[in-house]
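Visitor: Below is work_8.pdb; it holds PDB, C-alpha atoms.
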```pdb
ATOM      1  CA  LEU A   1     -12.043  18.413  12.456
ATOM      2  CA  GLU A   2     -14.960  20.695  11.651
ATOM      3  CA  GLN A   3     -17.304  17.966  12.857
ATOM      4  CA  GLY A   4     -15.362  17.449  16.069
ATOM      5  CA  ILE A   5     -13.811  14.179  14.921
ATOM      6  CA  ALA A   6     -10.176  14.004  15.948
ATOM      7  CA  CYS A   7      -7.520  12.614  13.637
ATOM      8  CA  ASP A   8      -5.283  10.098  15.369
ATOM      9  CA  GLU A   9      -2.037  10.341  13.427
ATOM     10  CA  ARG A  10      -0.960   6.860  14.566
ATOM     11  CA  TYR A  11      -3.309   5.621  11.851
ATOM     12  CA  ILE A  12      -1.573   7.563   9.064
ATOM     13  CA  LEU A  13       1.160   5.377   7.593
ATOM     14  CA  PHE A  14       3.935   6.353   5.209
ATOM     15  CA  ALA A  15       5.840   3.682   3.304
ATOM     16  CA  ASP A  16       8.240   3.855   0.382
ATOM     17  CA  ASP A  17       7.825   0.224  -0.647
ATOM     18  CA  LYS A  18       5.641  -2.825  -0.096
ATOM     19  CA  ALA A  19       7.936  -4.391   2.516
ATOM     20  CA  VAL A  20       7.810  -1.290   4.716
ATOM     21  CA  LEU A  21       4.049  -1.026   4.187
ATOM     22  CA  GLU A  22       3.587  -4.667   5.190
ATOM     23  CA  THR A  23       5.602  -4.234   8.397
ATOM     24  CA  LYS A  24       3.644  -1.137   9.395
ATOM     25  CA  VAL A  25       0.213  -2.547   8.520
ATOM     26  CA  LYS A  26       0.864  -5.807  10.372
ATOM     27  CA  ALA A  27       1.866  -3.852  13.488
ATOM     28  CA  LEU A  28      -1.186  -1.613  13.168
ATOM     29  CA  MET A  29      -3.600  -4.520  12.744
ATOM     30  CA  GLU A  30      -2.253  -6.156  15.935
ATOM     31  CA  GLN A  31      -3.328  -3.146  18.009
ATOM     32  CA  PRO A  32      -6.464  -3.435  20.171
ATOM     33  CA  ASN A  33      -8.093  -0.538  18.301
ATOM     34  CA  ALA A  34      -7.093  -1.672  14.813
ATOM     35  CA  PRO A  35      -8.880   0.177  12.010
ATOM     36  CA  THR A  36     -11.978  -1.288  10.419
ATOM     37  CA  ALA A  37     -11.569   0.864   7.305
ATOM     38  CA  ILE A  38      -8.558   1.999   5.275
ATOM     39  CA  PHE A  39      -8.309   4.691   2.601
ATOM     40  CA  ALA A  40      -5.259   4.090   0.405
ATOM     41  CA  VAL A  41      -3.374   6.878  -1.342
ATOM     42  CA  ASN A  42      -3.832   5.104  -4.702
ATOM     43  CA  ASP A  43      -5.152   1.896  -6.226
ATOM     44  CA  TYR A  44      -1.755   0.210  -6.440
ATOM     45  CA  THR A  45      -1.291   0.679  -2.698
ATOM     46  CA  ALA A  46      -4.831  -0.609  -2.118
ATOM     47  CA  ILE A  47      -4.011  -3.742  -4.129
ATOM     48  CA  ASP A  48      -0.898  -4.282  -1.985
ATOM     49  CA  LEU A  49      -3.046  -3.770   1.110
ATOM     50  CA  MET A  50      -5.462  -6.479  -0.038
ATOM     51  CA  SER A  51      -2.602  -8.972   0.059
ATOM     52  CA  ILE A  52      -1.154  -7.676   3.327
ATOM     53  CA  LEU A  53      -4.518  -7.677   5.098
ATOM     54  CA  GLY A  54      -5.095 -11.237   3.918
ATOM     55  CA  LYS A  55      -1.799 -12.236   5.530
ATOM     56  CA  CYS A  56      -3.099 -10.620   8.729
ATOM     57  CA  GLY A  57      -6.142 -12.887   8.570
ATOM     58  CA  LYS A  58      -8.465 -10.042   7.605
ATOM     59  CA  GLN A  59     -11.188 -10.388   4.990
ATOM     60  CA  ILE A  60     -12.217  -7.472   2.802
ATOM     61  CA  PRO A  61     -14.913  -6.149   3.246
ATOM     62  CA  ASN A  62     -16.048  -8.305   6.190
ATOM     63  CA  ASP A  63     -13.259  -7.297   8.596
ATOM     64  CA  VAL A  64     -11.793  -4.212   6.940
ATOM     65  CA  ALA A  65     -13.309  -1.850   4.387
ATOM     66  CA  LEU A  66     -10.710  -0.777   1.822
ATOM     67  CA  ILE A  67     -10.936   2.163  -0.565
ATOM     68  CA  GLY A  68      -8.423   3.094  -3.255
ATOM     69  CA  PHE A  69      -7.939   6.343  -5.124
ATOM     70  CA  ASP A  70      -7.540   6.571  -8.924
ATOM     71  CA  ASN A  71     -10.161   4.098 -10.192
ATOM     72  CA  LEU A  72      -7.614   2.480 -12.485
ATOM     73  CA  SER A  73      -8.700  -0.321 -14.798
ATOM     74  CA  VAL A  74      -6.298  -2.660 -12.980
ATOM     75  CA  THR A  75      -8.878  -2.829 -10.169
ATOM     76  CA  ASP A  76     -11.663  -4.150 -12.418
ATOM     77  CA  GLY A  77     -12.721  -7.709 -11.793
ATOM     78  CA  GLY A  78     -10.749  -8.347  -8.647
ATOM     79  CA  ASP A  79     -11.875 -10.653  -5.903
ATOM     80  CA  PRO A  80     -12.959  -8.905  -3.865
ATOM     81  CA  PHE A  81     -13.751  -5.868  -5.964
ATOM     82  CA  LEU A  82     -11.941  -2.718  -4.928
ATOM     83  CA  THR A  83     -13.952   0.398  -4.245
ATOM     84  CA  SER A  84     -12.024   3.354  -5.641
ATOM     85  CA  VAL A  85     -12.520   7.098  -5.840
ATOM     86  CA  ASP A  86     -12.384   8.179  -9.476
ATOM     87  CA  GLN A  87      -9.577  10.578 -10.323
ATOM     88  CA  PRO A  88      -9.945  11.781 -13.912
ATOM     89  CA  PHE A  89      -6.644  12.475 -15.642
TER      90      PHE A  89
END
```
Go ahead and render the structure in this file as structure tokens.

Guide:
Amino acid sequence: LEQGIACDERYILFADDKAVLETKVKALMEQPNAPTAIFAVNDYTAIDLMSILGKCGKQIPNDVALIGFDNLSVTDGGDPFLTSVDQPF
């Protein structure tokens, strides 16, 4: 908000499992102002989002940019590759 960019909380999703995440993401991607980029809370969620977005007919990174958080080795060698913020443990 320091830069004057408002945060629209409709774009912040909370989900306890993949089924709930899928329902919410599908609804979000059907909106006229669907996001063109998603930052996932962790890499496992980002991997789930890759599958969900594919079911929505979206291609990563052509239609939606996707970023994970953890930089776990499980993301190495995917197709497409997952960009991830490194979180040293």

Visitor: Kindly resolve the PyMOL selection byres ((chain A and resi 50) around 12) on the present coordinates and return the residues as a ChimeraX atom specification.

Guide: /A:18,21-22,25,38-40,43-49,51-61,63-68,75,78-83

Visitor: For those residues, write C-alpha atoms to a file as a PDB file, keeping the file's coordinate frame.

Guide:
```
ATOM      1  CA  LYS A  18       5.641  -2.825  -0.096  1.00  0.00           C
ATOM      2  CA  LEU A  21       4.049  -1.026   4.187  1.00  0.00           C
ATOM      3  CA  GLU A  22       3.587  -4.667   5.190  1.00  0.00           C
ATOM      4  CA  VAL A  25       0.213  -2.547   8.520  1.00  0.00           C
ATOM      5  CA  ILE A  38      -8.558   1.999   5.275  1.00  0.00           C
ATOM      6  CA  PHE A  39      -8.309   4.691   2.601  1.00  0.00           C
ATOM      7  CA  ALA A  40      -5.259   4.090   0.405  1.00  0.00           C
ATOM      8  CA  ASP A  43      -5.152   1.896  -6.226  1.00  0.00           C
ATOM      9  CA  TYR A  44      -1.755   0.210  -6.440  1.00  0.00           C
ATOM     10  CA  THR A  45      -1.291   0.679  -2.698  1.00  0.00           C
ATOM     11  CA  ALA A  46      -4.831  -0.609  -2.118  1.00  0.00           C
ATOM     12  CA  ILE A  47      -4.011  -3.742  -4.129  1.00  0.00           C
ATOM     13  CA  ASP A  48      -0.898  -4.282  -1.985  1.00  0.00           C
ATOM     14  CA  LEU A  49      -3.046  -3.770   1.110  1.00  0.00           C
ATOM     15  CA  SER A  51      -2.602  -8.972   0.059  1.00  0.00           C
ATOM     16  CA  ILE A  52      -1.154  -7.676   3.327  1.00  0.00           C
ATOM     17  CA  LEU A  53      -4.518  -7.677   5.098  1.00  0.00           C
ATOM     18  CA  GLY A  54      -5.095 -11.237   3.918  1.00  0.00           C
ATOM     19  CA  LYS A  55      -1.799 -12.236   5.530  1.00  0.00           C
ATOM     20  CA  CYS A  56      -3.099 -10.620   8.729  1.00  0.00           C
ATOM     21  CA  GLY A  57      -6.142 -12.887   8.570  1.00  0.00           C
ATOM     22  CA  LYS A  58      -8.465 -10.042   7.605  1.00  0.00           C
ATOM     23  CA  GLN A  59     -11.188 -10.388   4.990  1.00  0.00           C
ATOM     24  CA  ILE A  60     -12.217  -7.472   2.802  1.00  0.00           C
ATOM     25  CA  PRO A  61     -14.913  -6.149   3.246  1.00  0.00           C
ATOM     26  CA  ASP A  63     -13.259  -7.297   8.596  1.00  0.00           C
ATOM     27  CA  VAL A  64     -11.793  -4.212   6.940  1.00  0.00           C
ATOM     28  CA  ALA A  65     -13.309  -1.850   4.387  1.00  0.00           C
ATOM     29  CA  LEU A  66     -10.710  -0.777   1.822  1.00  0.00           C
ATOM     30  CA  ILE A  67     -10.936   2.163  -0.565  1.00  0.00           C
ATOM     31  CA  GLY A  68      -8.423   3.094  -3.255  1.00  0.00           C
ATOM     32  CA  THR A  75      -8.878  -2.829 -10.169  1.00  0.00           C
ATOM     33  CA  GLY A  78     -10.749  -8.347  -8.647  1.00  0.00           C
ATOM     34  CA  ASP A  79     -11.875 -10.653  -5.903  1.00  0.00           C
ATOM     35  CA  PRO A  80     -12.959  -8.905  -3.865  1.00  0.00           C
ATOM     36  CA  PHE A  81     -13.751  -5.868  -5.964  1.00  0.00           C
ATOM     37  CA  LEU A  82     -11.941  -2.718  -4.928  1.00  0.00           C
ATOM     38  CA  THR A  83     -13.952   0.398  -4.245  1.00  0.00           C
TER      39      THR A  83
END
```

Visitor: Compare A:Lys26, A:Ala19, A:Ser84, A:Gln3 by their minimum atom-to-atom distance to Val41 of chain A, counting all atoms listed in the file, and give me the closest one.

Guide: A:Ser84

Visitor: Atom CA of Val85 of chain A to atom CA of Asp70 of chain A: how many Å, to one decimal?

Guide: 5.9 Å

Visitor: Give me, please, the distance in Å between atom CA of Gln87 of chain A and atom CA of Asn71 of chain A, quoted to one decimal.

Guide: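 Atom-to-atom, atom CA of Gln87 of chain A to atom CA of Asn71 of chain A, that is 6.5 Å.
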
Visitor: Box along x, y and z, 5 Å on every side, all listed atoms of segment 54-62 of chain A inside: centre and edge lengths in Å to one decimal, as JSON.

Guide:
```
{"center_x": -8.9, "center_y": -9.5, "center_z": 5.8, "size_x": 24.2, "size_y": 16.7, "size_z": 15.9}
```

Visitor: Kindly indicate which residue among A:Asn62, A:Glu2, A:Pro88, A:Arg10 lies nearest to Ala34 of chain A, using all atoms listed in the file for the distances.

Guide: A:Arg10

Visitor: Figure out the distance between atom CA of Phe14 of chain A and atom CA of Asp86 of chain A, please, to one decimal in Å.

Guide: 22.0 Å

Visitor: Of the candidates A:Ser73, A:Thr36, A:Asn42, A:Leu28, which one gets nearest to Glu9 of chain A if we count all atoms listed in the file?

Guide: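 Using all atoms listed in the file, Glu9 of chain A sits closest to A:Leu28.
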
Visitor: Would you mind writing segment 63-74 of chain A with all heavy atoms, as an mmCIF file, keeping the file's coordinate frame?

Guide:
```cif
data_model
loop_
_atom_site.group_PDB
_atom_site.id
_atom_site.type_symbol
_atom_site.label_atom_id
_atom_site.label_comp_id
_atom_site.auth_asym_id
_atom_site.auth_seq_id
_atom_site.Cartn_x
_atom_site.Cartn_y
_atom_site.Cartn_z
ATOM 1 N N ASP A 63 -14.019 -7.765 7.439
ATOM 2 C CA ASP A 63 -13.259 -7.297 8.596
ATOM 3 C C ASP A 63 -12.760 -5.867 8.434
ATOM 4 O O ASP A 63 -12.698 -5.110 9.405
ATOM 5 C CB ASP A 63 -12.052 -8.205 8.837
ATOM 6 C CG ASP A 63 -12.447 -9.645 9.096
ATOM 7 O OD1 ASP A 63 -13.435 -9.880 9.819
ATOM 8 O OD2 ASP A 63 -11.765 -10.547 8.559
ATOM 9 N N VAL A 64 -12.363 -5.535 7.220
ATOM 10 C CA VAL A 64 -11.793 -4.212 6.940
ATOM 11 C C VAL A 64 -12.336 -3.705 5.610
ATOM 12 O O VAL A 64 -12.257 -4.400 4.597
ATOM 13 C CB VAL A 64 -10.243 -4.268 6.860
ATOM 14 C CG1 VAL A 64 -9.666 -2.888 6.568
ATOM 15 C CG2 VAL A 64 -9.649 -4.832 8.146
ATOM 16 N N ALA A 65 -12.906 -2.512 5.633
ATOM 17 C CA ALA A 65 -13.309 -1.850 4.387
ATOM 18 C C ALA A 65 -12.071 -1.196 3.794
ATOM 19 O O ALA A 65 -11.267 -0.612 4.515
ATOM 20 C CB ALA A 65 -14.381 -0.801 4.670
ATOM 21 N N LEU A 66 -11.900 -1.319 2.488
ATOM 22 C CA LEU A 66 -10.710 -0.777 1.822
ATOM 23 C C LEU A 66 -11.146 0.050 0.622
ATOM 24 O O LEU A 66 -11.946 -0.406 -0.194
ATOM 25 C CB LEU A 66 -9.794 -1.914 1.376
ATOM 26 C CG LEU A 66 -8.515 -1.522 0.638
ATOM 27 C CD1 LEU A 66 -7.620 -0.663 1.526
ATOM 28 C CD2 LEU A 66 -7.769 -2.776 0.186
ATOM 29 N N ILE A 67 -10.609 1.256 0.535
ATOM 30 C CA ILE A 67 -10.936 2.163 -0.565
ATOM 31 C C ILE A 67 -9.642 2.645 -1.192
ATOM 32 O O ILE A 67 -8.720 3.077 -0.494
ATOM 33 C CB ILE A 67 -11.755 3.376 -0.075
ATOM 34 C CG1 ILE A 67 -13.047 2.903 0.587
ATOM 35 C CG2 ILE A 67 -12.049 4.335 -1.220
ATOM 36 C CD1 ILE A 67 -13.808 3.994 1.288
ATOM 37 N N GLY A 68 -9.568 2.576 -2.513
ATOM 38 C CA GLY A 68 -8.423 3.094 -3.255
ATOM 39 C C GLY A 68 -8.735 4.474 -3.807
ATOM 40 O O GLY A 68 -9.815 5.027 -3.609
ATOM 41 N N PHE A 69 -7.771 5.024 -4.525
ATOM 42 C CA PHE A 69 -7.939 6.343 -5.124
ATOM 43 C C PHE A 69 -7.249 6.337 -6.474
ATOM 44 O O PHE A 69 -6.044 6.141 -6.544
ATOM 45 C CB PHE A 69 -7.321 7.425 -4.224
ATOM 46 C CG PHE A 69 -7.558 8.819 -4.712
ATOM 47 C CD1 PHE A 69 -8.742 9.469 -4.442
ATOM 48 C CD2 PHE A 69 -6.596 9.470 -5.464
ATOM 49 C CE1 PHE A 69 -8.969 10.759 -4.886
ATOM 50 C CE2 PHE A 69 -6.804 10.762 -5.915
ATOM 51 C CZ PHE A 69 -7.990 11.414 -5.631
ATOM 52 N N ASP A 70 -7.966 6.466 -7.528
ATOM 53 C CA ASP A 70 -7.540 6.571 -8.924
ATOM 54 C C ASP A 70 -8.610 5.995 -9.836
ATOM 55 O O ASP A 70 -8.834 6.485 -10.907
ATOM 56 C CB ASP A 70 -6.231 5.821 -9.257
ATOM 57 C CG ASP A 70 -4.986 6.453 -8.701
ATOM 58 O OD1 ASP A 70 -4.972 7.681 -8.513
ATOM 59 O OD2 ASP A 70 -4.023 5.707 -8.458
ATOM 60 N N ASN A 71 -9.198 4.854 -9.393
ATOM 61 C CA ASN A 71 -10.161 4.098 -10.192
ATOM 62 C C ASN A 71 -9.510 3.613 -11.485
ATOM 63 O O ASN A 71 -10.060 3.758 -12.574
ATOM 64 C CB ASN A 71 -11.431 4.900 -10.465
ATOM 65 C CG ASN A 71 -12.596 4.003 -10.823
ATOM 66 O OD1 ASN A 71 -12.597 2.825 -10.482
ATOM 67 N ND2 ASN A 71 -13.568 4.553 -11.504
ATOM 68 N N LEU A 72 -8.340 3.021 -11.339
ATOM 69 C CA LEU A 72 -7.614 2.480 -12.485
ATOM 70 C C LEU A 72 -8.270 1.188 -12.964
ATOM 71 O O LEU A 72 -8.880 0.456 -12.189
ATOM 72 C CB LEU A 72 -6.163 2.204 -12.102
ATOM 73 C CG LEU A 72 -5.353 3.409 -11.624
ATOM 74 C CD1 LEU A 72 -3.965 2.961 -11.198
ATOM 75 C CD2 LEU A 72 -5.271 4.464 -12.716
ATOM 76 N N SER A 73 -8.099 0.884 -14.242
ATOM 77 C CA SER A 73 -8.700 -0.321 -14.798
ATOM 78 C C SER A 73 -8.111 -1.591 -14.189
ATOM 79 O O SER A 73 -8.743 -2.643 -14.221
ATOM 80 C CB SER A 73 -8.537 -0.346 -16.321
ATOM 81 O OG SER A 73 -7.167 -0.350 -16.671
ATOM 82 N N VAL A 74 -6.934 -1.503 -13.597
ATOM 83 C CA VAL A 74 -6.298 -2.660 -12.980
ATOM 84 C C VAL A 74 -7.140 -3.202 -11.821
ATOM 85 O O VAL A 74 -7.012 -4.354 -11.437
ATOM 86 C CB VAL A 74 -4.860 -2.325 -12.518
ATOM 87 C CG1 VAL A 74 -4.871 -1.371 -11.344
ATOM 88 C CG2 VAL A 74 -4.084 -3.572 -12.187
#
```
